[in-house]
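What follows is one structure encoded as structure tokens, with my remarks underneath.
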Amino acid sequence: MRNVSLELEQGRFYVLRGENGAGKSTLLRMIAGLSEPTEGSVFIYGARNKEALEHMGYMAHAPLLYEELSGMENLRFFASLYGISSDEPLAQAMDRVGLDPKLERRVGQYSQGMRQRLSLARAIFHSPRLLLLDEPFSNVDPDSAAAIANLLAGMRDEGTTVVLVTHQVGLLTNVADEYILLSRGQIADRGALRQVPA
């Protein structure tokens with residue numbers, strides 16, 4: 001990233017666009033505190049990003065799940081990092097993404113689409129105020145992708161700021177608010193998503 005200055009509003013849905021290597025995933029990782037900028041700082045609701053982790057949900061391009069555990073067991077592990085001991089928000093998150101919380105199958109036996117949905121459940125079970133998603137529609141069938149898009153729009157309407165990387169912008173034309181176009185590590189353009197250039 002080079003000389004990037006970006007301010008995002010609460011309760012808005014942003015789509016990061018750009019060619020491969022433009023810096024989309026790098027920008028998400030910097031916001032999430034997983035990569036350090038060489039200069040400058042990232043603030044989330046007035047605090048440095050690493051001091052605001054409880055307010056963020058992050059979904060990487062790779063699901064990064066424990067394959068020997070069930071879906072619920074995976075969520076229980078990650079919930080423990082947030083001090084959450086109740087299964088209720090975990091079951092609600094799985095239900096919201098179209099997975100059965102009672103499914104005892106190991107994640108290693110999940111389809112790619114199911115892994116994507118579980119990874120999304122992991123990112124939202126703690127009701128984050130900022131949600132960062134890297135290619136959440138990969139390996140997901142069209143009906144499930146549309147359902148995920150509608151879920152994210154609902155979270156935005158509840159006040160969550162959503163920042164999403166995808167090459168499938170058409171799924172979000174009537175859902176997201178704004179696109180941000182990256183090119184060679186810089187912001188090249190931004191505007192209303194319905195006006196996104198081809």
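For the structure tokens, the naming scheme is as follows: chains receive sequential letters (A, B, ...) according to their order of presentation, residues are indexed from 1 within each chain, and ligands are indexed from 1 in presentation order.
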
Problem set entry | Those in range 4-197 of chain A with strand (DSSP E) from DSSP, as a count of residues only | 36

Problem set entry | Contacts of Gly191 in chain A within 12 Å, only C-alpha atoms, excl. fewer than 6 positions in-chain, as a PyMOL selection string | chain A and resi 13-17+176-181+197

How would you write, as a PDB file with C-alpha atoms, in the first residue's frame, the set of residues in range 33-165 of chain A that DSSP gives as helix (DSSP H, G or I)?
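Result file part02.pdb:
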```pdb
ATOM      1  CA  ASN A  49      -6.964  -1.234  15.570  1.00  0.00           C
ATOM      2  CA  LYS A  50      -5.216  -3.743  17.867  1.00  0.00           C
ATOM      3  CA  GLU A  51      -7.054  -2.187  20.821  1.00  0.00           C
ATOM      4  CA  LEU A  53     -10.272  -6.336  18.133  1.00  0.00           C
ATOM      5  CA  GLU A  54     -13.474  -7.144  20.018  1.00  0.00           C
ATOM      6  CA  HIS A  55     -15.323  -4.798  17.648  1.00  0.00           C
ATOM      7  CA  GLY A  71     -18.563 -26.613  13.172  1.00  0.00           C
ATOM      8  CA  MET A  72     -19.841 -25.833  16.665  1.00  0.00           C
ATOM      9  CA  GLU A  73     -16.587 -27.015  18.253  1.00  0.00           C
ATOM     10  CA  ASN A  74     -14.685 -24.661  15.965  1.00  0.00           C
ATOM     11  CA  LEU A  75     -16.875 -21.751  17.009  1.00  0.00           C
ATOM     12  CA  ARG A  76     -16.571 -22.642  20.693  1.00  0.00           C
ATOM     13  CA  PHE A  77     -12.790 -22.463  20.410  1.00  0.00           C
ATOM     14  CA  PHE A  78     -12.832 -19.036  18.772  1.00  0.00           C
ATOM     15  CA  ALA A  79     -15.561 -17.800  21.124  1.00  0.00           C
ATOM     16  CA  SER A  80     -13.332 -18.631  24.086  1.00  0.00           C
ATOM     17  CA  GLU A  88     -26.509 -19.403  21.890  1.00  0.00           C
ATOM     18  CA  PRO A  89     -24.720 -16.714  19.811  1.00  0.00           C
ATOM     19  CA  LEU A  90     -22.727 -19.442  18.060  1.00  0.00           C
ATOM     20  CA  ALA A  91     -25.845 -21.404  17.112  1.00  0.00           C
ATOM     21  CA  GLN A  92     -27.513 -18.193  15.928  1.00  0.00           C
ATOM     22  CA  ALA A  93     -24.515 -17.362  13.735  1.00  0.00           C
ATOM     23  CA  MET A  94     -24.504 -20.841  12.176  1.00  0.00           C
ATOM     24  CA  ASP A  95     -28.228 -20.618  11.554  1.00  0.00           C
ATOM     25  CA  ARG A  96     -27.859 -17.183   9.943  1.00  0.00           C
ATOM     26  CA  VAL A 107     -15.225 -29.782   9.213  1.00  0.00           C
ATOM     27  CA  GLY A 108     -12.785 -31.932   7.242  1.00  0.00           C
ATOM     28  CA  GLN A 109     -15.890 -33.560   5.730  1.00  0.00           C
ATOM     29  CA  GLN A 112     -15.937 -25.920   0.299  1.00  0.00           C
ATOM     30  CA  GLY A 113     -19.148 -23.894   0.394  1.00  0.00           C
ATOM     31  CA  MET A 114     -19.955 -25.115   3.911  1.00  0.00           C
ATOM     32  CA  ARG A 115     -16.463 -24.140   5.052  1.00  0.00           C
ATOM     33  CA  GLN A 116     -16.975 -20.657   3.661  1.00  0.00           C
ATOM     34  CA  ARG A 117     -20.262 -20.302   5.515  1.00  0.00           C
ATOM     35  CA  LEU A 118     -18.725 -21.541   8.769  1.00  0.00           C
ATOM     36  CA  SER A 119     -15.863 -19.092   8.361  1.00  0.00           C
ATOM     37  CA  LEU A 120     -18.451 -16.322   8.002  1.00  0.00           C
ATOM     38  CA  ALA A 121     -20.268 -17.546  11.128  1.00  0.00           C
ATOM     39  CA  ARG A 122     -16.954 -17.321  12.982  1.00  0.00           C
ATOM     40  CA  ALA A 123     -16.608 -13.699  11.872  1.00  0.00           C
ATOM     41  CA  ILE A 124     -20.077 -12.613  13.022  1.00  0.00           C
ATOM     42  CA  PRO A 142     -25.532 -18.763  -6.333  1.00  0.00           C
ATOM     43  CA  ASP A 143     -28.503 -19.162  -3.966  1.00  0.00           C
ATOM     44  CA  SER A 144     -26.233 -19.282  -0.920  1.00  0.00           C
ATOM     45  CA  ALA A 145     -24.229 -16.306  -2.205  1.00  0.00           C
ATOM     46  CA  ALA A 146     -27.421 -14.269  -2.561  1.00  0.00           C
ATOM     47  CA  ALA A 147     -28.475 -15.268   0.958  1.00  0.00           C
ATOM     48  CA  ILE A 148     -25.078 -14.203   2.334  1.00  0.00           C
ATOM     49  CA  ALA A 149     -25.330 -10.864   0.512  1.00  0.00           C
ATOM     50  CA  ASN A 150     -28.752 -10.273   2.074  1.00  0.00           C
ATOM     51  CA  LEU A 151     -27.424 -11.255   5.520  1.00  0.00           C
ATOM     52  CA  LEU A 152     -24.600  -8.725   5.188  1.00  0.00           C
ATOM     53  CA  ALA A 153     -27.042  -6.043   4.048  1.00  0.00           C
ATOM     54  CA  GLY A 154     -29.122  -6.747   7.151  1.00  0.00           C
ATOM     55  CA  MET A 155     -26.070  -6.375   9.373  1.00  0.00           C
ATOM     56  CA  ARG A 156     -25.268  -3.081   7.669  1.00  0.00           C
ATOM     57  CA  ASP A 157     -28.815  -1.917   8.333  1.00  0.00           C
TER      58      ASP A 157
END
```

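Using only C-alpha atoms for every distance, the candidate list A:Gly18, A:Leu131, A:Ser70, A:Leu171 yields A:Ser70 as the residue closest to Asp100 in chain A.
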